[in-house]
Every structure is written in C-alpha cells, then in structure tokens.
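Asks: Below are the structure tokens for one structure; questions will follow.
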Amino acid sequence: MAAPLIETCHVACCANRTPHVVSWSRGGTIAFGTCNSVALYDPKERRVVAVLNGHTGRVNTVQWAHRGDCGDCAPENHLVSGASDNRLILWAARNGKFKQSVECKGHTGPICSVDAIYMEDSKVLVASSASDSTVRLWLCSEAEEAECLHTLSPGSGYMLDVSLALLPGSSVPILACGGDDSQVHLYVNYNEKLQKAMSLQGHEDWVRGVEWASTGGELLLASCSQDCLIRVWRLCAKSGTDARTQDDHTIIKMKEDVFEVKEKDVSSVFAVSLETVLAGHENWVYGVHWQPPFYKDGKLQQPLSLLSASMDKTMILWAPEEGSGVWVEQVRVGEVGGNTLGFYGCQMSPDGSMVVAHAFHGALHLWCKDQNKEGEWRPGVVISGHFNAVQDLSWDPEGEFFISVGSDQTTRLFTPWRKRETQQATWHEISRPQIHGYDMQCLAMVGRFQFVSGADEKVLRVFQAPRNFVENFANISGTSKEKLLTSSDSANLPEGASTPALGLSNKAIFQGDLDQKANEDEEHFKRISDQYQESYFHPLHLTEPPPEDHLLQNTLWPEVQKLYGHGFEMFCLASDSSRTVVASACKASKAEHAAVLLWSSNTWRQLQTLPCHSLTVTQMAFSPDAQLLLAVSRDRTWSLWRRNFPTHESPEPQFSLHAHTGKDTAIHSRIIWSCDWSPDSKYFVTSSRDKKVIVWGPCRLEDSGDLLFPPDIRPFSSVLDVGDAATAVAFCPVLCSDNSYLLAVGLESGRILLYRWSPGQEPAGGNDWSSCGETDTSQSHALAVKRLRWRPRAGRAGRDHNKKDGQTDGKREIKEESSWVQLASASADHSVKIFNINKQAL
C-alpha cells in the first residue's frame with residue numbers, strides 16, 4: 001500500500017477551561033474538548049489519535065456513552081459533545097474511525113454538561129443541560145435520527161451537571177441533576193415523560209458534579225459542591241414487605257426518602273438515603289468520578305472507589321475502610337505552589353492505574369500508580385499545548401525542535417522524545433521559556449539557543465537558553481551534550497531562570513546563587529525575609545518530558561536584552577540566516593509607525609529604520625542567502641530591501657530599498673497576510689485575503705557569479721485563486737524531483753493546501769500551478785491558519801539519527817527518510833500540528 005501524501009505526526013493542544021470537558025473511555029482513549037474540536041488522545045501511545053471537527057463554537061463538555069446497568073465492559077462506540085454553538089453532536093465509531101452520527105438541535109444557550117447511556121435495541125439516551133435553564137432528554141437511534149423526548153425547565157436556575165443510570169432491576173432511566181439551588185434533583189423517565197422523583201438536600205452551595213455508579217442491585221450517587229464537601233447517596237429498591245413494616249425504634253438508621261415508579265402496570269418503590277459526607281478539600285470541588293467497573297471471577301464488579309478534583313489543586317481518592325466501612329482518604333495528589341488555579345475535573349483509567357485532572361490553564365495533569373511501591377503515585381508524561389490562539393512558530397536552524405508563541409501569554413518549546421526501548425518518537429513540550437503578562441504575537445530564532453519575542457507591548461525581549469535546558473535537551477533528544485554546550489558558549493551560561501515576584505523579566509540564576517541558596521536552607525530561615533526566596537528555580541535532570549508544574553517553574557529561559565524603539569504593540573519579526581540582523585515591525589495606522597526597524601544580533605543596537613509602508617507590516621522574511629529582506633503590509637503592497645556591501649565607514653549591515661509595489665502596480669486588492677522565499681532566493685510568494693497567491697521574481701539573474709539584482713521584479717506566476725482568504729504561505733526548502741517548487745498555503749477556514757509550481761511553464765494559462773493535495777476534515781484546523789513553517793531540512797525530526805554507524809541498512813533508511821519533509825502549522829484554534837509529507841507520493 002502506498003504511503004499517504006500527508007500524515008499527521010503530532011497535535012499539540014490542551015483542554016478547554018470548562019468543567020466536564022474530559023472523559024476517559026473503557027477502551028482507554030481520553031476525549032477532551034479543545035477550542036471547537038474534540039481531541040481523542042491515547043495516553044499509552046502519548047499522542048492524539050484523531051481530531052473531531054464539527055462544532056462552530058467552543059466545546060464545553062464531552063462524555064462517552066456507557067452501559068446504564070454497567071452490564072458490559074466493552075469499549076464505547078459513541079461519544080457525545082456539547083458546545084457554545086448550542087448544539088449536541090453524537091459521534092459514532094465506523095470502521096475504527098469516529099464520524100458525526102446525529103446532531104441534536106433545540107437548546108437556545110451554550111450546553112454545559114451531557115451524559116449518555118445505551119438503551120435496549122442499541123439506541124442512545126442523551127441528557128443535556130444548558131445555560132438556557134433547561135435540561136433535555138434525547139433518544140438517538142441507529143437511523144441517525146434524534147428525538148427530543150422531554151424538556152425540563154426548572155425556572156430561573158441552572159443545572160450544572162447531569163448523570164444518567166437505569167433503576168436497579170428495571171429498564172427505567174433515572175436522571176440526577178446538580179443545581180445552583182444547592183440541591184440534587186432526581187427525575188425518572190416513564191410513560192415517555194420525565195417526572196420528578198425527589199430533591200436531595202444537604203449541600204450549602206452550588207452542586208458542581210453528580211455521577212451514578214451501579215453496585216450489585218443498588219445505585220450510588222456522588223455529588224460535589226462549592227461548599228467543599230462531597231456527599232454519597234444510596235438508592236435501593238424496597239420490597240413490598242420492607243415498605244410496609246413499622247420502623248423498629250431500637251435500630252438507628254439514616255433517614256430514607258421514598259418514591260414510587262410504575263412500569264408496565266407493576267409498581268416499584270425505591271428508597272434514597274445519605275451514605276456518607278466526605279470532607280477533605282479546602283476549596284470548591286468541581287468533579288467526582290467513580291472508578292470504572294471491571295471483571296473479577298467472571299462477574300462484573302464496581303469498586304467502591306471515588307475520585308474528586310478541587311480548586312485547591314488536589315485530587316483525592318476515597319474508599320471505605322476494610323473493617324469499619326467508614327469512607328476515608330486513600331491517596332491525595334496535586335500541585336504545590338506555582339501560579340496555577342486548581343482543577344476543573346478528574347477522570348480515571350479503566351484499570352484504575354492512572355488518574356488525570358484538567359486545570360484552569362487547560363493543562364492535563366496525569367498520575368500513575370507506582371507498580372513497585374504500594375500506595376505511591378507519580379506524575380506521568382501527558383500532552384500539553386496552548387490554551388488560546390497560536391500566533392507564530394519557528395524551527396531551530398537544525399530542525400530538532402520548534403518554539404511557538406500564543407495569545408495565552410506563553411512561549412513553548414516542543415521536541416521529539418524517543419524512549420530507549422521504542423523506535424517511535426513522540427513530540428512533547430520540554431520547556432516554557434517565557435511566561436508573560438501580555439498576549440504573545442511573534443518570535444524569531446537567532447541561532448539554536450536564542451530567540452527574540454514580541455507581544456502586545458512596545459518592547460522586544462531577547463532570551464537565551466540556560467545550561468540546564470541544554471543538558472536536558474541533550475538527554476531527551478539523544479544528542480551529544482558536549483557538542484551542544486561547545487556550540488552555545490557554555491562557560492557563561494546561567495543554570496536557569498526565575499521570575500521575580502513583581503516582575504515580567506526572567507532573571508538569570510547562576511550556579512553561585514544555587515550554592516548560596518543551599519547553604520541558606522541549611523541554616524534555616526534566620527531572618528523573616530529569607531522565607532520568601534526570589535529564586536524558585538530548581539535544576540531538573542530530565543530523562544523524560546517534565547510535568548506541568550515543572551514547566552511553569554523550572555524551565556524558564558533568562559531574558560538577556562530588551563529592545564526599545566517601537567511606538568505600538570509588536571506585530572511581526574524576522575531574522576536572517578547569517579544570524580546578524582533581526583527585523584521588527586509593530587501595529588500602525590500611519591506611515592511614521594509602519595517603518596521596519598533593524599537590530600544587530602551581536603550588539604542588540606538599532607541599526608536602521610526602513611520607512612516605506614503606510615499601514616501595519618503583517619509579515620517579513622529574509623531571503624535564504626540573507627541578501628534581501630521582504631515586507632508585506634496591510635496597505636496591500638510589498639517592499640524589497642537589498643543588503644549593501646559593507647564599507648570601512650559602516651561595517652554593520654545596512655539595507656536600501658530595491659523594489660516595491662504601489663497603488664497602480666499592486667495586484668492584491670486586500671491585506672497581504674503572508675510571504676516567503678524560494679530556497680534558492682530567486683523568487684518570493686505573497687498570499688492575501690483576496691484569495692490570491694502570487695510568485696514574484698526573478699530576484700537574481702541566472703548564473704551570474706556576482707550578486708546582480710534585477711531592478712524589474714514582476715509577477716512570475718499566474719495568479720492562483722485558492723477559494724478562501726490565504727492567511728499563511730510557505731515554500732518547501734527541498735525541491736521536488738523535477739526541480740519544481742512545493743508550496744503550502746494555509747486558509748482562513750483552517751485547511752492547508754499543497755501546490756507545485758514550475759517556473760518554466762506558460763503562466764498565462766495557469767499551467768504553472770498543479771494541486772498536489774490538501775488536509776482532510778480530520779487533519780485541518782478548526783479556525784484560521786496563522787503560520788506555516790517547513791522544517792529547514794529533509795527528513796523527520798527525531799528519526800534522522802536513528803541508525804548508528806555500521807548498520808547495513810543505514811543507507812536505505814537515510815534514502816527513505818530523505819523522501820519525507822515536515823510542515824508545522826499554528827492556528828487560531830489553539831493547536832500546533834506537524835504534518836509528515838511524502839515527496840514520493842507527489
């Protein structure tokens with residue numbers, strides 16, 4: 001079978017900041033809402049296996065459909081999701097892939113929680129609650145139809161969570177709703193109507209989560225609240241004699257509430273009593289989750305084990321004691337310190353060996369049971385990503401890692417990690433160099449371990465990797481530590497960085513600071529002021545990617561320089577391949593602010609101001625030979641600047657205007673969003689909101705030994721209409737087999753298109769462009785593509801140095817590897833994706 005043209009290698013994303021947005025299936029897959037999509041994540045393979053696109057608003061809640069009576073441990077075939085677009089979507093597995101099966105329309109407000117159970121004849125019963133103050137019950141059939149059975153309007157209040165189960169010994173569904181009136185409401189569905197059974201009182205604040213569990217003929221209901229408490233209720237069927245016997249006053253029993261259900265003319269009576277109240281959290285409890293049932297001796301058993309997650313940054317596992325049956329705290333895991341804001345929900349793996357929580361900043365926190373030590377849990381490696389729009393990304397010059405920046409005010413560094421025993425490398429975030437107070441907009445790499453970043457402020461900031469990062473990067477990527485340290489002037493490198501209590505600048509921490517801190521710790525707080533140390537940094541010795549709390553605290557890079565000169569918020573950056581010049585531009589509505597500033601990357605002095613445009617410069621790019629600088633702008637024109645030959649008077653690089661389009665020569669009729677250079681520096685491409693992509697050139701004459709720049713630069717290709725606003729464009733650095741160029745175009749809709757362009761072909765008829773392929777629905781982004789960047793060289797990162805010398809099939813492996821190229825894309829849908837593209841399939 002031929003290899004596919006485009007395969008998704010990695011998706012970096014995180015959970016939305018809403019409760020009930022993560023759900024762990026019996027099959028072992030974690031589903032979570034990320035922006036407008038649902039991601040399916042395999043925690044064992046540590047990668048996103050699928051992305052489900054269908055919603056047009058933020059996904060607020062996802063839930064796997066489960067068996068109502070827990071009568072089966074088979075993997076689920078259905079997943080339900082609810083979003084801010086007021087829609088519910090039921091996804092069904094077909095041939096191993098999830099497809100949109102049914103859409104439920106009816107709510108008039110964002111949906112905040114859902115639950116689903118399988119009924120007989122393989123129908124799925126779905127309950128949903130929304131901020132339109134209603135709870136709805138839907139029946140979804142195999143024929144892909146959804147019927148709204150009932151709508152509950154409890155008045156002005158909201159139901160914050162819903163949970164479905166089947167009453168013991170019957171096929172009647174019971175629905176539990178946690179309300180903002182501090183009560184848990186129970187409804188029974190019979191005669192096609194939802195009828196109120198009772199309200200359980202006891203909580204003193206909003207009930208945030210409810211969940212049923214079925215245990216041997218009885219139901220247990222866990223409810224958690226903003227009063228920091230968890231209540232467990234027991235529901236059981238009462239036989240006719242139980243219901244009528246007089247109370248025996250010698251036995252102390254919990255108060256029971258009784259309700260009656262008629263099914264097919266048979267009347268059954270059920271009693272609900274309070275089982276226990278669990279106090280242990282110190283802040284709002286957002287989520288409760290029962291350990292899934294498992295088979296033991298051929299029988300299905302529901303373990304009495306309850307997991308809870310709270311805004312106090314901890315998760316607790318509760319279970320009754322062996323002898324007394326009193327519920328106690330078994331395990332507590334969580335975060336200490338850091339600037340995180342607690343947990344929104346929790347889930348447990350099917351075998352109970354892993355627990356996961358999702359936090360306010362979208363991060364997943366995973367803990368695994370230690371197999372060697374009884375009762376010990378340790379943090380595990382889990383997916384991470386931006387929790388807001390990703391604005392820009394850049395590869396390191398060697399193509400071993402990339403750095404991305406986003407509106408979530410963070411800069412993140414991702415690299416492949418290959419465990420010793422596995423061939424397959426998986427991508428992970430191993431450093432968060434910058435955590436800022438402003439939304440990030442742009443960045444440019446200057447060498448391997450230095451970058452400049454710009455945010456919604458007038459200052460540019462320069463960061464340099466500390467020694468601790470270089471060592472850990474060597475361990476994780478399998479590169480030689482000595483080689484990396486010699487290339488980055490290790491003698492002067494600080495160990496790490498920390499953020500002062502009231503500062504935005506990351507402060508460098510040297511070995512001396514750490515030694516001094518160690519000595520002070522031994523002497524134990526001699527003065528009050530010593531209790532609050534400035535340096536929160538602890539050197540990490542990583543053999544695997546770090547968990548979230550380490551990323552926040554111990555992987556910062558020191559800030560080495562601030563660059564002042566712009567009058568408005570930063571918008572775009574570019575650096576040249578010779579690592580001498582950085583160009584920057586800011587938001588502008590007048591010509592005086594739209595000038596491009598050039599900085600020397602050796603001294604960080606401002607070299608030049610390049611005025612030409614009248615509105616914001618949206619993107620810039622240096623040609624691969626570092627001789628030309630291209631800028632495109634909101635004013636619908638581009639400008640090209642030529643590097644002057646150095647003289648004795650000005651040894652520093654200087655640029656002068658070489659060519660530009662004006663109002664009469666501009667072909668683009670809307671904002672030009674993006675631009676890029678061909679790998680041979682001959683041509684450049686522009687892409688615009690007017691749906692056009694145009695290649696311009698030639699920018700150097702054929703076979704001239706000297707650098708001769710032709711003065712007349714014109715459209716060299718036919719105008720390519722891509723059918724949607726083209727927000728990003730990039731030339732592949734590796735030519736195709738017939739010496740044509742490969743381009744990727746990112747659209748506002750989130751799709752990415754691949755084209756080949758042959759400069760020799762007749763441009764008039766549009767024969768110079770040929771479409772090679774595009775991302776399908778599951779691969780595409782859900783929102784606009786913000787940036788496309790090809791890996792600077794052929795091959796796939798993390799696989800280049802797979803073979804050691806002396807292995808016979810090494811040559812074949814290298815040849816096969818060189819037929820692949822990698823493309824990284826950043827999008828407004830909070831995700832960064834890496835695609836492997838097979839040049840042979842072109």
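Chain labels run A, B, ... following the order of the structure tokens; each chain numbers its residues from 1, and ligands are numbered from 1 in the order shown.
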From a backbone DSSP assignment, name each residue in stretch 443-628 of chain A labelled alpha helix (DSSP H), as a count of residues only.
Replies: 38
Asks: I need the residues of stretch 46-102 of chain A that end up classed as strand (DSSP E) by DSSP on the backbone, written out as a ChimeraX atom specification.
Replies: /A:47-53,59-64,66-67,78-83,87-94,97-102
Asks: Report as a ChimeraX atom specification all protein, DNA and RNA residues lying within 6 Å of A:Val405, evaluated on only C-alpha atoms, omitting residues in the same chain fewer than 6 positions from it.
Replies: /A:390-392,411,440
Asks: Write the residues of the preceding selection, restricted to N, CA and C atoms, as a tab-separated table (two decimals), in the first residue's frame.
Replies:
```
chain	number	residue	atom	x	y	z
A	390	VAL	N	-2.67	30.32	18.71
A	390	VAL	CA	-1.20	30.26	18.50
A	390	VAL	C	-0.90	31.22	17.35
A	391	GLN	N	-0.02	32.20	17.61
A	391	GLN	CA	0.19	33.29	16.65
A	391	GLN	C	1.38	33.06	15.73
A	392	ASP	N	2.42	32.39	16.22
A	392	ASP	CA	3.64	32.28	15.40
A	392	ASP	C	4.44	31.08	15.88
A	411	THR	N	5.38	31.13	25.73
A	411	THR	CA	6.25	30.65	24.67
A	411	THR	C	6.58	29.20	25.02
A	440	MET	N	1.23	37.08	23.46
A	440	MET	CA	2.39	37.00	22.57
A	440	MET	C	1.93	37.05	21.10
```
Asks: Neighbouring residues of A:Glu76 were defined as those with any atom within 12 Å, considering only C-alpha atoms; residues of the same chain fewer than 2 positions away were excluded. Please report them as a ChimeraX atom specification.
Replies: /A:23-31,63-67,70,72-74,78-80,91-94,96,98,116-118,122,124,350
Asks: Residues of stretch 4-106 of chain A within 12 Å of stretch 343-346 of chain A: nearest atom pair and distance (Å, one decimal) for each, counting only C-alpha atoms, sorted by chain and number, as CSV?
Replies:
```
residue,atom,partner,partner_atom,distance
A:Ala15,CA,A:Tyr344,CA,10.3
A:Asn16,CA,A:Tyr344,CA,9.9
A:Arg17,CA,A:Tyr344,CA,7.6
A:Thr18,CA,A:Tyr344,CA,6.7
A:Pro19,CA,A:Tyr344,CA,4.9
A:His20,CA,A:Gly345,CA,6.2
A:Val21,CA,A:Gly345,CA,7.9
A:Val22,CA,A:Gly345,CA,7.5
A:Ser23,CA,A:Cys346,CA,8.4
A:Trp24,CA,A:Cys346,CA,9.4
A:Ile30,CA,A:Cys346,CA,11.4
A:Phe32,CA,A:Gly345,CA,11.4
A:Asn60,CA,A:Tyr344,CA,11.8
A:Thr61,CA,A:Gly345,CA,11.0
A:Val62,CA,A:Gly345,CA,11.9
```
Asks: Could you turn the residues from that selection into a file that holds N, CA, C and O atoms, as a PDB file, in the first residue's frame?
Replies:
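Result written to out.pdb:
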```
ATOM      1  N   ALA A  15      -6.953  21.032  26.979  1.00  0.00           N
ATOM      2  CA  ALA A  15      -8.397  21.023  27.231  1.00  0.00           C
ATOM      3  C   ALA A  15      -8.923  22.437  27.430  1.00  0.00           C
ATOM      4  O   ALA A  15      -8.228  23.317  27.947  1.00  0.00           O
ATOM      5  N   ASN A  16     -10.170  22.653  27.028  1.00  0.00           N
ATOM      6  CA  ASN A  16     -10.814  23.951  27.260  1.00  0.00           C
ATOM      7  C   ASN A  16     -11.017  24.178  28.748  1.00  0.00           C
ATOM      8  O   ASN A  16     -11.148  23.230  29.519  1.00  0.00           O
ATOM      9  N   ARG A  17     -11.077  25.456  29.138  1.00  0.00           N
ATOM     10  CA  ARG A  17     -11.188  25.770  30.563  1.00  0.00           C
ATOM     11  C   ARG A  17     -12.652  25.753  31.000  1.00  0.00           C
ATOM     12  O   ARG A  17     -13.232  26.773  31.351  1.00  0.00           O
ATOM     13  N   THR A  18     -13.276  24.566  30.931  1.00  0.00           N
ATOM     14  CA  THR A  18     -14.643  24.368  31.428  1.00  0.00           C
ATOM     15  C   THR A  18     -14.683  23.044  32.180  1.00  0.00           C
ATOM     16  O   THR A  18     -13.918  22.137  31.857  1.00  0.00           O
ATOM     17  N   PRO A  19     -15.568  22.892  33.170  1.00  0.00           N
ATOM     18  CA  PRO A  19     -15.723  21.589  33.809  1.00  0.00           C
ATOM     19  C   PRO A  19     -16.317  20.579  32.809  1.00  0.00           C
ATOM     20  O   PRO A  19     -16.860  20.967  31.779  1.00  0.00           O
ATOM     21  N   HIS A  20     -16.216  19.291  33.123  1.00  0.00           N
ATOM     22  CA  HIS A  20     -16.838  18.194  32.346  1.00  0.00           C
ATOM     23  C   HIS A  20     -16.358  18.129  30.895  1.00  0.00           C
ATOM     24  O   HIS A  20     -17.087  17.665  30.033  1.00  0.00           O
ATOM     25  N   VAL A  21     -15.144  18.612  30.603  1.00  0.00           N
ATOM     26  CA  VAL A  21     -14.715  18.646  29.201  1.00  0.00           C
ATOM     27  C   VAL A  21     -13.755  17.497  28.878  1.00  0.00           C
ATOM     28  O   VAL A  21     -13.299  17.362  27.758  1.00  0.00           O
ATOM     29  N   VAL A  22     -13.480  16.635  29.881  1.00  0.00           N
ATOM     30  CA  VAL A  22     -12.589  15.489  29.669  1.00  0.00           C
ATOM     31  C   VAL A  22     -13.335  14.207  30.045  1.00  0.00           C
ATOM     32  O   VAL A  22     -14.029  14.175  31.058  1.00  0.00           O
ATOM     33  N   SER A  23     -13.191  13.155  29.218  1.00  0.00           N
ATOM     34  CA  SER A  23     -13.838  11.879  29.519  1.00  0.00           C
ATOM     35  C   SER A  23     -12.944  10.735  29.066  1.00  0.00           C
ATOM     36  O   SER A  23     -12.407  10.768  27.960  1.00  0.00           O
ATOM     37  N   TRP A  24     -12.770   9.729  29.940  1.00  0.00           N
ATOM     38  CA  TRP A  24     -11.861   8.597  29.663  1.00  0.00           C
ATOM     39  C   TRP A  24     -12.705   7.363  29.357  1.00  0.00           C
ATOM     40  O   TRP A  24     -13.550   6.966  30.157  1.00  0.00           O
ATOM     41  N   ILE A  30      -8.718   8.982  25.950  1.00  0.00           N
ATOM     42  CA  ILE A  30      -9.198  10.187  26.627  1.00  0.00           C
ATOM     43  C   ILE A  30      -9.736  11.143  25.562  1.00  0.00           C
ATOM     44  O   ILE A  30      -9.014  11.503  24.630  1.00  0.00           O
ATOM     45  N   PHE A  32     -11.234  14.935  24.891  1.00  0.00           N
ATOM     46  CA  PHE A  32     -11.376  16.247  25.533  1.00  0.00           C
ATOM     47  C   PHE A  32     -11.661  17.318  24.489  1.00  0.00           C
ATOM     48  O   PHE A  32     -11.252  17.217  23.336  1.00  0.00           O
ATOM     49  N   ASN A  60     -17.749  22.563  25.273  1.00  0.00           N
ATOM     50  CA  ASN A  60     -17.774  22.738  26.732  1.00  0.00           C
ATOM     51  C   ASN A  60     -17.825  21.431  27.490  1.00  0.00           C
ATOM     52  O   ASN A  60     -17.471  21.383  28.666  1.00  0.00           O
ATOM     53  N   THR A  61     -18.293  20.369  26.843  1.00  0.00           N
ATOM     54  CA  THR A  61     -18.485  19.125  27.583  1.00  0.00           C
ATOM     55  C   THR A  61     -18.429  17.934  26.636  1.00  0.00           C
ATOM     56  O   THR A  61     -18.947  18.006  25.518  1.00  0.00           O
ATOM     57  N   VAL A  62     -17.744  16.871  27.036  1.00  0.00           N
ATOM     58  CA  VAL A  62     -17.732  15.618  26.261  1.00  0.00           C
ATOM     59  C   VAL A  62     -17.966  14.448  27.203  1.00  0.00           C
ATOM     60  O   VAL A  62     -17.595  14.507  28.383  1.00  0.00           O
TER      61      VAL A  62
END
```
Asks: Quote the spacing between atom CA of A:Ser141 and atom CA of A:Leu167 in Å to one decimal place.
Replies: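 So the two atoms, atom CA of A:Ser141 and atom CA of A:Leu167, lie 21.6 Å apart.
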Asks: Could you name the residues that touch A:Val452 at 10 Å or less, counting only C-alpha atoms, but leaving out those on the same chain fewer than 3 positions away, as a list of chain:residue names?
Replies: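 Counting only the stated atoms, we get A:Cys442, A:Leu443, A:Ala444, A:Met445, A:Val446, A:Leu460, A:Arg461, A:Val462, A:Phe463, A:Gln464, A:Glu559, A:Val560, A:Gln561, A:Lys562, A:Leu563, A:Leu573, A:Ala574, A:Ser575, A:Val582, A:Ser584, A:Ser601.
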Asks: Give me, as an MDAnalysis selection string, all polymer residues having an atom no more than 12 Å from A:Lys481, counting only C-alpha atoms and skipping those fewer than 3 positions away in the same chain.
Replies: chainID A and resid 467:478 484:488 490
Asks: Here is a test: counting only C-alpha atoms, which residue of A:Val734, A:Val288, A:Leu542, A:Val685 is nearest to A:Ser623?
Replies: A:Val685
Asks: Write out as a list of chain:residue names which residues come within 10 Å of A:Leu783 when counting only C-alpha atoms, dropping same-chain ones fewer than 4 positions away.
Replies: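 Here the qualifying residues turn out to be A:Cys35, A:Asn36, A:Ser37, A:Thr56, A:Ala389, A:Leu747, A:Glu748, A:Ser749, A:Gly750, A:Arg751, A:Ser827, A:Ala828, A:Asp829, A:His830, A:Ser831.
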Asks: Would you compute the distance between atom CA of A:Ala127 and atom CA of A:Phe259? Give it in Å to one decimal.
Replies: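 Distance between the two atoms: 21.5 Å.
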Asks: How many Å lie between atom CA of A:Gln291 and atom CA of A:Gly217, rounded to one decimal?
Replies: 17.5 Å
